[in-house]
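Report on one structure; see the data block that follows.
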Amino acid sequence: MTQKQIKTMTLILQAALIGLMFLPAGRSTASSAGLMDTFSITRSYAGTGYPLDATVYLIIAIGVPAATVLCLYLLRFNLNFGSSACLQAFGAFITGCFFSSAKSKLAGTVTSTGMHYLIIFLYLVGMVLNIYGYLFTGDDSQPSSGKG
């Protein structure tokens, strides 16, 4: 795979990660409310007395994919893939921590649909893809020496 293919695949993964925030990630046990997206879960989590935690998670959940794309296209070769891989690992860690905490704090009011597992999986796929880009792709901007 070339650098351009890896960057394109990473861009698609980041768009998917942001898009998944709008899909149902939980189900309210209250009779009036139904499925809840990530924003609704963070609002409920903030209502339990943790508004700063919920706000920080939302900032990170939107900021990590955006920062990953910016790193890929603005930083020089290998620094772009390395920093993107670190951001992906950080995003997976934060998402796992937030949903684990939300699951325990909202135990009586919200049940999980398992969407957070998909979000974490996509973060990890992006991380592995960027590690591959860091380790196995050459710098496309430098001409090859012709020696084989």
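By order of appearance in the structure tokens: chains A, B, ..., then residues from 1 within every chain, and ligands from 1 in the order shown.
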Subject >> Selection near Leu129 of chain A, 9 Å with only C-alpha atoms, sequence-local residues under 4 positions removed, as number ranges by chain >> reply: A: 6, 9-10, 81, 85, 124-125, 133-134
Could you write those residues out with C-alpha atoms, as a CSV table (one decimal), in the first residue's frame?
```csv
chain,number,residue,atom,x,y,z
A,6,ILE,CA,-3.1,4.7,3.8
A,9,MET,CA,-8.2,4.8,4.3
A,10,THR,CA,-7.4,6.7,7.5
A,81,PHE,CA,1.9,8.3,10.7
A,85,ALA,CA,-1.1,6.2,15.5
A,124,LEU,CA,-7.6,0.3,16.8
A,125,VAL,CA,-7.9,-0.4,13.0
A,133,GLY,CA,2.3,3.4,7.3
A,134,TYR,CA,5.0,4.4,9.7
```
**OP:** Pick out each residue of chain A that DSSP on the backbone tags as alpha helix (DSSP H); I need them as a ChimeraX atom specification.
**Re:** /A:3-20,38-47,51-74,79-105,115-136
Can I get the selection written as an mmCIF file, in the first residue's frame, with C-alpha atoms?
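Result file is again-v3.cif:
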```
data_model
loop_
_atom_site.group_PDB
_atom_site.id
_atom_site.type_symbol
_atom_site.label_atom_id
_atom_site.label_comp_id
_atom_site.auth_asym_id
_atom_site.auth_seq_id
_atom_site.Cartn_x
_atom_site.Cartn_y
_atom_site.Cartn_z
ATOM 1 C CA GLN A 3 1.146 6.474 1.564
ATOM 2 C CA LYS A 4 -1.727 7.980 -0.354
ATOM 3 C CA GLN A 5 -3.845 4.830 0.041
ATOM 4 C CA ILE A 6 -3.135 4.675 3.760
ATOM 5 C CA LYS A 7 -3.995 8.354 4.194
ATOM 6 C CA THR A 8 -7.240 7.887 2.253
ATOM 7 C CA MET A 9 -8.248 4.845 4.297
ATOM 8 C CA THR A 10 -7.436 6.688 7.518
ATOM 9 C CA LEU A 11 -9.503 9.664 6.380
ATOM 10 C CA ILE A 12 -12.470 7.373 5.712
ATOM 11 C CA LEU A 13 -12.062 5.758 9.150
ATOM 12 C CA GLN A 14 -12.007 9.146 10.855
ATOM 13 C CA ALA A 15 -15.164 10.236 9.031
ATOM 14 C CA ALA A 16 -16.795 6.969 10.123
ATOM 15 C CA LEU A 17 -15.769 7.571 13.738
ATOM 16 C CA ILE A 18 -17.404 10.982 13.749
ATOM 17 C CA GLY A 19 -20.471 9.586 11.967
ATOM 18 C CA LEU A 20 -20.865 6.796 14.529
ATOM 19 C CA THR A 38 -23.430 9.361 22.007
ATOM 20 C CA PHE A 39 -24.444 12.964 22.614
ATOM 21 C CA SER A 40 -27.545 11.869 24.550
ATOM 22 C CA ILE A 41 -25.480 9.471 26.630
ATOM 23 C CA THR A 42 -23.008 12.220 27.488
ATOM 24 C CA ARG A 43 -25.898 14.510 28.469
ATOM 25 C CA SER A 44 -27.253 11.793 30.757
ATOM 26 C CA TYR A 45 -23.771 11.197 32.153
ATOM 27 C CA ALA A 46 -23.365 14.931 32.783
ATOM 28 C CA GLY A 47 -26.688 14.846 34.631
ATOM 29 C CA PRO A 51 -20.453 17.497 33.428
ATOM 30 C CA LEU A 52 -16.734 18.178 32.976
ATOM 31 C CA ASP A 53 -15.996 14.540 32.200
ATOM 32 C CA ALA A 54 -18.760 14.437 29.600
ATOM 33 C CA THR A 55 -17.571 17.666 27.983
ATOM 34 C CA VAL A 56 -13.956 16.504 27.859
ATOM 35 C CA TYR A 57 -15.019 13.220 26.258
ATOM 36 C CA LEU A 58 -17.008 15.016 23.564
ATOM 37 C CA ILE A 59 -14.103 17.330 22.812
ATOM 38 C CA ILE A 60 -11.728 14.383 22.557
ATOM 39 C CA ALA A 61 -14.189 12.244 20.560
ATOM 40 C CA ILE A 62 -14.450 14.951 17.917
ATOM 41 C CA GLY A 63 -10.922 16.322 18.270
ATOM 42 C CA VAL A 64 -8.955 13.090 17.904
ATOM 43 C CA PRO A 65 -10.298 12.215 14.422
ATOM 44 C CA ALA A 66 -9.869 15.834 13.303
ATOM 45 C CA ALA A 67 -6.328 16.008 14.707
ATOM 46 C CA THR A 68 -5.485 12.671 13.104
ATOM 47 C CA VAL A 69 -6.444 13.935 9.661
ATOM 48 C CA LEU A 70 -4.551 17.182 10.219
ATOM 49 C CA CYS A 71 -1.455 15.259 11.330
ATOM 50 C CA LEU A 72 -1.549 13.078 8.240
ATOM 51 C CA TYR A 73 -1.682 15.978 5.836
ATOM 52 C CA LEU A 74 0.332 18.680 7.626
ATOM 53 C CA LEU A 79 6.016 11.960 11.916
ATOM 54 C CA ASN A 80 2.539 12.059 10.378
ATOM 55 C CA PHE A 81 1.912 8.324 10.718
ATOM 56 C CA GLY A 82 3.539 8.082 14.156
ATOM 57 C CA SER A 83 1.545 10.899 15.673
ATOM 58 C CA SER A 84 -1.660 9.624 14.059
ATOM 59 C CA ALA A 85 -1.089 6.159 15.518
ATOM 60 C CA CYS A 86 -0.615 7.679 18.985
ATOM 61 C CA LEU A 87 -3.783 9.745 18.622
ATOM 62 C CA GLN A 88 -5.731 6.650 17.573
ATOM 63 C CA ALA A 89 -4.500 4.721 20.617
ATOM 64 C CA PHE A 90 -5.425 7.667 22.844
ATOM 65 C CA GLY A 91 -8.906 7.827 21.292
ATOM 66 C CA ALA A 92 -9.485 4.112 21.835
ATOM 67 C CA PHE A 93 -8.359 4.394 25.453
ATOM 68 C CA ILE A 94 -10.532 7.420 26.202
ATOM 69 C CA THR A 95 -13.581 5.899 24.507
ATOM 70 C CA GLY A 96 -13.181 2.681 26.459
ATOM 71 C CA CYS A 97 -12.815 4.565 29.731
ATOM 72 C CA PHE A 98 -15.780 6.847 29.089
ATOM 73 C CA PHE A 99 -18.226 4.133 28.049
ATOM 74 C CA SER A 100 -17.110 1.882 30.898
ATOM 75 C CA SER A 101 -17.712 4.689 33.359
ATOM 76 C CA ALA A 102 -21.010 5.673 31.738
ATOM 77 C CA LYS A 103 -22.156 2.057 31.814
ATOM 78 C CA SER A 104 -21.610 1.865 35.561
ATOM 79 C CA LYS A 105 -22.967 5.348 36.418
ATOM 80 C CA MET A 115 -21.728 0.579 19.508
ATOM 81 C CA HIS A 116 -18.791 1.582 21.683
ATOM 82 C CA TYR A 117 -17.098 -1.708 20.822
ATOM 83 C CA LEU A 118 -17.297 -0.799 17.140
ATOM 84 C CA ILE A 119 -15.921 2.677 17.857
ATOM 85 C CA ILE A 120 -12.978 1.238 19.794
ATOM 86 C CA PHE A 121 -12.380 -1.350 17.052
ATOM 87 C CA LEU A 122 -12.254 1.371 14.381
ATOM 88 C CA TYR A 123 -9.791 3.364 16.487
ATOM 89 C CA LEU A 124 -7.595 0.273 16.754
ATOM 90 C CA VAL A 125 -7.852 -0.434 13.018
ATOM 91 C CA GLY A 126 -6.775 3.145 12.364
ATOM 92 C CA MET A 127 -3.901 2.753 14.791
ATOM 93 C CA VAL A 128 -2.669 -0.445 13.117
ATOM 94 C CA LEU A 129 -3.048 1.162 9.685
ATOM 95 C CA ASN A 130 -0.938 4.135 10.776
ATOM 96 C CA ILE A 131 1.665 1.855 12.336
ATOM 97 C CA TYR A 132 1.849 0.033 9.021
ATOM 98 C CA GLY A 133 2.276 3.366 7.257
ATOM 99 C CA TYR A 134 5.007 4.351 9.688
ATOM 100 C CA LEU A 135 6.962 1.119 9.377
ATOM 101 C CA PHE A 136 6.498 -0.123 5.853
#
```
**OP:** Grab the atom CA of Ala30 of chain A to atom CA of Thr48 of chain A distance for me, in Å with one decimal place.
**Re:** 15.7 Å
